[in-house]
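J.: Structure incoming, see below.
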Amino acid sequence: MFVAIRDLRHAKGRFALMGAVVTLITMLVVLLSGLTAGLARGNTSAITDLPADHLVFSAPAEGQKLAFTESSITPSVQQEWASVDGVVSADPVRIAMTRASGSGSGRSAAVAVFAVPAGSALAPRVGTDRVVLSSKAAASLEVAAGDQIELTGQLVTVEAVSGDDEFSHAPVIWAATENAPSSGLTPGNATVIALTTTGGADLAAADQALGTRTLTVAESLSGIGSYTSENGSLQLMRVLLFAISALVIGAFFTVWTVQRSGEIAILKAVGASTGYLLKDALGQALALLAIGTALGTAAASAIGAAIRAFAGTAVPFVLALPTLLIPGAVMILLGLVGAAVSLRTVTSVDPLTALGSAR
Amino acid sequence: MTLHIDDLTLTYPDGEQRLTALDHVSLTAEPGTLTAIVGPSGSGKSSLLAVAATLITPDSGRVLLNGRDLAQLSRTETATVRREEIGIVFQTSNLLASLTALDQLLVIAHIAGRDMDAARIQAMDLLGAVGLVPQADKRPSQLSGGQRQRVTIARGLMNQPSLLLVDEPTSALDRPRGEAVLDLLRELTTDRNLTTVMVTHDHEHLATADAVIELTDGRIATLADGDAVEPGVVAIASTR
């Protein structure tokens with residue numbers, strides 16, 4: 001890094017310009033990552049926050065994809081699953097999209113109803129005619145604990161306002177099965193069964209026997225249609241941004257290395273090994289990337305904090321360590337890959353060119 | 001260390017044929033002597049320097065530095081030899097733009113993995129020897145041509161070489177500065193018992209050398225006469 005550090009100090013303008021590009025791309029990627037995570041949470045948090053490790057769906061017909069909207073599990077299958085070896089708990093959940101309205105406020109909103117049998121471990125405070133609202137549902141309906149809301153024509157009491165669960169971008173209401181809309185399901189049927197299992201449960205065998213399909217909670221998110229298409233688009237944008245950053249950084253360091261090939265020849269002529277020169281070149285790229293991504297991440301986290309402070313839940317943005325640090329780490333890694341393209345120039349420079357007339 | 005070049009031949013590709021740059025050249029340069037190689041452009045003098053510097057592998061012949069044949073070494077081994085045993089003084093422009101005069105010397109120590117505190121003391125001593133202590137923190141763009149050339153000489157000595165190879169040291173300098181640089185090389189060669197081989201195009205400066213070898217079309221043409229070389233010096237050069 002002896003020469004690399006001095007180059008960074010000497011060619012301040014060029015490196016500042018490149019550093020600014022890295023900073024801006026990092027900022028964009030981090031903001032997009034926060035937004036992606038925020039939108040994903042708005043689609044899936046009710047599922048990912050379930051106190052379960054697997055979800056059981058009815059097996060889709062041949063040629064059809066597994067989906068929450070298509071799954072329907074009969075009471076007998078629910079009971080069978082509860083008795084499978086290694087299954088600690090099997091709680092049926094009926095999921096329905098509907099509208100609810102606050103009886104006092106007159107406000108109505110689209111909500112996702114997660115219906116469970118009264119007393120279910122998934123929502124212990126839910127009972128007949130007693131529902132638990134997510135904070136966003138309560139805010140939309142302008143109700144609080146103790147108020148009443150109208151749900152599928154029934155008046156039910158808000159037992160509590162708890163959590164911020166959403167499903168398919170609709171705030172969640174936890175309700176007893178008898179208070180929930182049928183959502184096209186046969187009475188008694190559930191959309192999925194939330195399983196808590198031990199390591200020894202043979203889920204595949206149970207699926208085979210019961211005509212179901214069991215997925216981990218993370219895998220089951222592919223069954224939310226809006227999540228798959230939305231997340232796919234945003235992830236594609238992220239990947240393109242990463243690819244652009246690697247190309248830009250690679251192009252910069254290639255031009256930079258070609259420009260200083262005369263100096264590389266001098267260093268080789270005075271005995272610098274190729275390893276020494278590669279370490280110097282990669283160290284320079286790493287320093288630039290580290291500073292650029294640190295500034296970009298800091299700027300994005302400041303913007304993210306401002307979004308949360310001023311826009312609240314109106315803008316779905318997640319400001320968390322993974323959404324801040326992972327994009328930065330990927331930027332540095334891909335930037336180094338881009339910079340590595342320039343290393344061919346380092347290895348191919350002939351030290352003989354340092355002797356001006358011996359060509 | 002004695003440099004002995006024995007029956008050296010070097011050719012370059014030239015279209016479908018090969019161009020002979022050095023044609024059975026032999027010479028010996030002893031410690032404490034400055035050997036000048038002169039000749040017209042294209043005569044092979046820089047090629048000879050490049051072979052001695054292990055930057056080119058010859059077609060045939062030997063380059064012996066204290067008995068060891070440098071022409072037989074691998075690329076890694078030649079880099080080590082250049083790092084530890086050979087000092088190279090390039091033309092004026094061959095300094096690293098981002099490095100100060102002091103750093104130009106320190107980078108040699110850094111490449112060799114030496115202790116940098118001790119290297120800093122040595123570098124300042126060398127800058128003192130070439131009269132550049134006040135310019136230690138100046139970058140090449142802030143130095144005059146003569147100062148830059150003196151930095152390259154100091155840099156060539158930073159690895160405490162036994163063989164100093166000098167490429168056209170006065171090419172970018174006016175006469176007074178050129179003479180000063182040659183006097184400095186002469187002095188350092190004697191004081192440090194260096195085996196110095198210098199390529200130059202300027203016959204005016206040959207009086208500084210202990211021996212002069214003139215190359216023409218890759219062959220040693222003549223030894224310089226007594227007018228250009230001080231009496232008593234020994235130059236061993238032969239043609240086949």
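The chains in the structure tokens are called A, B, ... from first to last as shown; in each chain the residues are counted from 1, and the ligands are counted from 1 in the order shown.
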If the cut-off is 8 Å, can you tell me the residues of chain B near chain A, counting only C-alpha atoms? I'd like them as a list of chain:residue names.
T.: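 The complete set of qualifying residues is B:Ser46, B:Ser47, B:Ala50, B:Leu55, B:Ile56, B:Thr76, B:Thr78, B:Ala79, B:Thr80, B:Val81, B:Arg82, B:Arg83, B:Glu84, B:Gly87, B:Ile88, B:Phe90, B:Gln91, B:Asn94, B:Leu95, B:Leu96, B:Ser98, B:Leu99, B:Val107, B:Ile108, B:His110, B:Ile111, B:Ala112, B:Asp167.
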J.: With C-alpha atoms kept, could you save the residues just selected as a JSON list (two decimals), in the first residue's frame?
T.:
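Okay, this is what ended up in out_18.json:
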[["chain", "number", "residue", "atom", "x", "y", "z"],
["B", 46, "SER", "CA", 20.45, 0.05, -24.22],
["B", 47, "SER", "CA", 19.84, -3.61, -25.05],
["B", 50, "ALA", "CA", 18.75, -4.28, -20.30],
["B", 55, "LEU", "CA", 15.21, -7.29, -17.96],
["B", 56, "ILE", "CA", 15.85, -9.29, -21.15],
["B", 76, "THR", "CA", 11.18, -14.39, -9.76],
["B", 78, "THR", "CA", 15.79, -11.95, -11.55],
["B", 79, "ALA", "CA", 13.37, -9.71, -9.65],
["B", 80, "THR", "CA", 15.17, -10.66, -6.45],
["B", 81, "VAL", "CA", 18.56, -9.89, -8.02],
["B", 82, "ARG", "CA", 17.30, -6.48, -9.17],
["B", 83, "ARG", "CA", 15.84, -5.85, -5.71],
["B", 84, "GLU", "CA", 18.99, -6.79, -3.83],
["B", 87, "GLY", "CA", 20.76, -0.44, -8.88],
["B", 88, "ILE", "CA", 19.18, 1.05, -11.97],
["B", 90, "PHE", "CA", 16.64, 5.52, -15.33],
["B", 91, "GLN", "CA", 16.21, 8.53, -17.51],
["B", 94, "ASN", "CA", 11.22, 7.83, -14.71],
["B", 95, "LEU", "CA", 10.15, 8.89, -11.26],
["B", 96, "LEU", "CA", 6.79, 8.04, -9.70],
["B", 98, "SER", "CA", 2.85, 10.73, -6.55],
["B", 99, "LEU", "CA", 5.99, 10.14, -4.50],
["B", 107, "VAL", "CA", 9.69, 2.58, -1.89],
["B", 108, "ILE", "CA", 12.81, 0.55, -2.72],
["B", 110, "HIS", "CA", 9.42, -1.10, 1.18],
["B", 111, "ILE", "CA", 9.56, -3.45, -1.82],
["B", 112, "ALA", "CA", 12.44, -5.29, -0.16],
["B", 167, "ASP", "CA", 20.66, 4.75, -18.62]]
J.: Please run DSSP on the backbone and report, as a ChimeraX atom specification, all residues within segment 23-228 of chain B that come out as strand (DSSP E).
T.: /B:23-29,33-38,60-65,68-69,86-89,163-167,195-199,211-216,219-223
J.: For a test of reading the model, state the distance in Å between atom CA of Val143 of chain A and atom CA of Pro124 of chain A, rounded to one decimal.
T.: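 Rounded to one decimal, the two atoms are 20.6 Å apart.
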J.: What is the atom CA of Val29 of chain A to atom CA of Val330 of chain A distance in Å?
T.: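 Spanning atom CA of Val29 of chain A to atom CA of Val330 of chain A is a straight-line distance of 10.0 Å.
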J.: Nearest to Pro58 of chain B: which of B:His24, B:Val38, B:Met1, B:Leu194 is it, counting only C-alpha atoms?
T.: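 Of all the options, B:His24 lies closest to Pro58 of chain B.
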J.: Fewer than 4 positions away in the same chain doesn't count, so skip those; otherwise give me all residues within 9 Å of segment 171-176 of chain B, counting only C-alpha atoms, as JSON, numbers by chain.
T.: {"B": [91, 92, 93, 145, 146, 149, 167, 180, 181, 200, 201, 202]}
J.: Convert the current residue selection to file output with C-alpha atoms, as a compact mmCIF listing (two decimals), in the first residue's frame.
T.:
# COMPACT_ATOMS: atom_id res chain seq x y z
CA GLN B 91 16.21 8.53 -17.51
CA THR B 92 14.99 11.71 -15.85
CA SER B 93 11.29 11.18 -16.44
CA GLY B 145 15.61 18.20 -14.34
CA GLY B 146 18.96 17.97 -12.61
CA GLN B 149 18.18 12.95 -12.15
CA ASP B 167 20.66 4.75 -18.62
CA ALA B 180 27.51 17.65 -12.36
CA VAL B 181 25.53 14.40 -12.57
CA THR B 200 25.34 7.53 -22.88
CA HIS B 201 25.02 9.15 -26.26
CA ASP B 202 27.25 12.08 -25.39
J.: Suppose you want the space between atom CA of Ser76 of chain A and atom CA of Ala190 of chain A; what is it in Å?
T.: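 Straight-line distance from atom CA of Ser76 of chain A to atom CA of Ala190 of chain A works out to 10.8 Å.
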J.: Which one is closest to Glu168 of chain B: B:Thr57, B:Ser41, B:Gln72, B:Gln122? Count only C-alpha atoms.
T.: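 Checking each candidate against Glu168 of chain B, we get B:Ser41 as the closest.
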J.: Excluding Arg41 of chain A and any residue of its chain fewer than 4 positions from it, enumerate the residues within 10 Å of it, using only C-alpha atoms, and give them as a list in words.
T.: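 With the cut-off at 10 Å, the set is Leu35, Thr36, Ala37, Ser45, Ala46, Ile47, Thr48, Asp49, Asp164, Asp165, Glu166, Phe167, Ser168, His169, Tyr227, Pro316, Phe317 and Val318 of chain A.
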J.: Residues as selected, N, CA and C atoms, written as a tab-separated table (two decimals), in the first residue's frame, can you do that?
T.:
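After the write, part-v2.tsv holds the following:
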chain	number	residue	atom	x	y	z
A	35	LEU	N	-36.08	-0.15	1.11
A	35	LEU	CA	-37.43	-0.12	0.55
A	35	LEU	C	-37.90	-1.54	0.22
A	36	THR	N	-36.99	-2.34	-0.35
A	36	THR	CA	-37.33	-3.74	-0.66
A	36	THR	C	-37.72	-4.49	0.60
A	37	ALA	N	-36.90	-4.30	1.64
A	37	ALA	CA	-37.20	-4.99	2.90
A	37	ALA	C	-38.51	-4.48	3.49
A	45	SER	N	-45.01	-9.96	6.79
A	45	SER	CA	-44.64	-9.98	8.22
A	45	SER	C	-45.58	-10.84	9.05
A	46	ALA	N	-46.84	-10.92	8.64
A	46	ALA	CA	-47.77	-11.75	9.42
A	46	ALA	C	-47.37	-13.22	9.35
A	47	ILE	N	-46.76	-13.61	8.24
A	47	ILE	CA	-46.31	-15.00	8.09
A	47	ILE	C	-44.97	-15.20	8.80
A	48	THR	N	-44.02	-14.29	8.50
A	48	THR	CA	-42.67	-14.49	9.08
A	48	THR	C	-42.67	-14.36	10.59
A	49	ASP	N	-43.65	-13.61	11.14
A	49	ASP	CA	-43.70	-13.45	12.60
A	49	ASP	C	-44.48	-14.56	13.30
A	164	ASP	N	-47.28	-5.11	14.39
A	164	ASP	CA	-47.46	-4.34	13.15
A	164	ASP	C	-47.57	-5.28	11.95
A	165	ASP	N	-48.19	-6.45	12.20
A	165	ASP	CA	-48.25	-7.46	11.14
A	165	ASP	C	-49.07	-6.99	9.94
A	166	GLU	N	-48.55	-7.37	8.76
A	166	GLU	CA	-49.29	-7.12	7.51
A	166	GLU	C	-49.19	-8.37	6.65
A	167	PHE	N	-50.17	-8.50	5.78
A	167	PHE	CA	-50.16	-9.61	4.82
A	167	PHE	C	-50.65	-9.06	3.49
A	168	SER	N	-49.81	-9.23	2.46
A	168	SER	CA	-50.18	-8.75	1.14
A	168	SER	C	-50.56	-7.26	1.18
A	169	HIS	N	-49.78	-6.52	1.94
A	169	HIS	CA	-49.93	-5.06	2.11
A	169	HIS	C	-51.24	-4.65	2.77
A	227	TYR	N	-46.10	-10.80	-3.38
A	227	TYR	CA	-44.72	-10.73	-2.85
A	227	TYR	C	-43.73	-11.20	-3.92
A	316	PRO	N	-42.91	2.33	3.30
A	316	PRO	CA	-42.41	1.09	3.91
A	316	PRO	C	-40.89	1.00	3.78
A	317	PHE	N	-40.19	1.38	4.79
A	317	PHE	CA	-38.73	1.39	4.73
A	317	PHE	C	-38.18	0.74	6.00
A	318	VAL	N	-37.33	-0.23	5.81
A	318	VAL	CA	-36.73	-0.93	6.96
A	318	VAL	C	-35.28	-0.46	7.13
J.: Name the residues in contact with Thr69 of chain A at a cut-off of 9 Å, using only C-alpha atoms, excluding same-chain residues fewer than 4 positions from it; report them as an MDAnalysis selection string.
T.: chainID A and resid 95:96 191 223:225
J.: I want to know what sits within 12 Å of Glu178 of chain A, based on only C-alpha atoms, with residues of the same chain fewer than 5 positions away left out; could you give that as a list in words?
T.: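 Close residues of Glu178 of chain A: Arg94, Val113, Phe114, Ala115, Val116, Pro117, Ala118, Val126, Gly127, Thr128, Asp129, Arg130, Val131, Leu151, Thr152, Gly153, Gln154, Val156, Pro187, Gly188 and Asn189 of chain A.
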J.: With C-alpha atoms retained, write the just-selected residues as a PDB file, in the first residue's frame.
T.:
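Here's the written file part21.pdb:
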ATOM      1  CA  ARG A  94     -57.681 -19.294   7.920  1.00  0.00           C
ATOM      2  CA  VAL A 113     -58.065 -11.547   8.724  1.00  0.00           C
ATOM      3  CA  PHE A 114     -56.012 -14.300  10.311  1.00  0.00           C
ATOM      4  CA  ALA A 115     -58.576 -16.518  11.908  1.00  0.00           C
ATOM      5  CA  VAL A 116     -57.658 -19.100  14.506  1.00  0.00           C
ATOM      6  CA  PRO A 117     -59.684 -21.227  16.909  1.00  0.00           C
ATOM      7  CA  ALA A 118     -60.378 -19.327  20.126  1.00  0.00           C
ATOM      8  CA  VAL A 126     -58.372 -13.829  20.559  1.00  0.00           C
ATOM      9  CA  GLY A 127     -61.772 -15.171  21.509  1.00  0.00           C
ATOM     10  CA  THR A 128     -65.288 -15.292  20.173  1.00  0.00           C
ATOM     11  CA  ASP A 129     -66.259 -11.733  19.300  1.00  0.00           C
ATOM     12  CA  ARG A 130     -62.881 -10.502  20.531  1.00  0.00           C
ATOM     13  CA  VAL A 131     -60.214  -9.542  18.020  1.00  0.00           C
ATOM     14  CA  LEU A 151     -66.144  -7.532  10.592  1.00  0.00           C
ATOM     15  CA  THR A 152     -68.130  -9.528   7.991  1.00  0.00           C
ATOM     16  CA  GLY A 153     -71.360  -8.122   9.330  1.00  0.00           C
ATOM     17  CA  GLN A 154     -70.584  -8.925  12.968  1.00  0.00           C
ATOM     18  CA  VAL A 156     -66.641  -7.595  17.566  1.00  0.00           C
ATOM     19  CA  PRO A 187     -66.622 -24.096   6.944  1.00  0.00           C
ATOM     20  CA  GLY A 188     -64.040 -25.682   9.253  1.00  0.00           C
ATOM     21  CA  ASN A 189     -61.344 -25.715   6.628  1.00  0.00           C
TER      22      ASN A 189
END
J.: List the spatial neighbours of Leu203 of chain A as number ranges by chain - criterion: any atom at most 9 Å away, only C-alpha atoms, same-chain residues fewer than 2 positions off excluded.
T.: A: 84, 86-87, 200-201, 205-208, 213-214
J.: Which of these, B:Met198, B:Met158, B:Ala209, B:Ala123, has the shortest distance to Arg186 of chain B once you count only C-alpha atoms?
T.: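 Of B:Met198, B:Met158, B:Ala209, B:Ala123, the one nearest Arg186 of chain B is B:Ala209, counting only C-alpha atoms.
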J.: Which residue is closest to Gln148 of chain A? Choose from A:Asn179, A:Ser229, A:Ser101, A:Thr198 and count only C-alpha atoms.
T.: A:Ser101
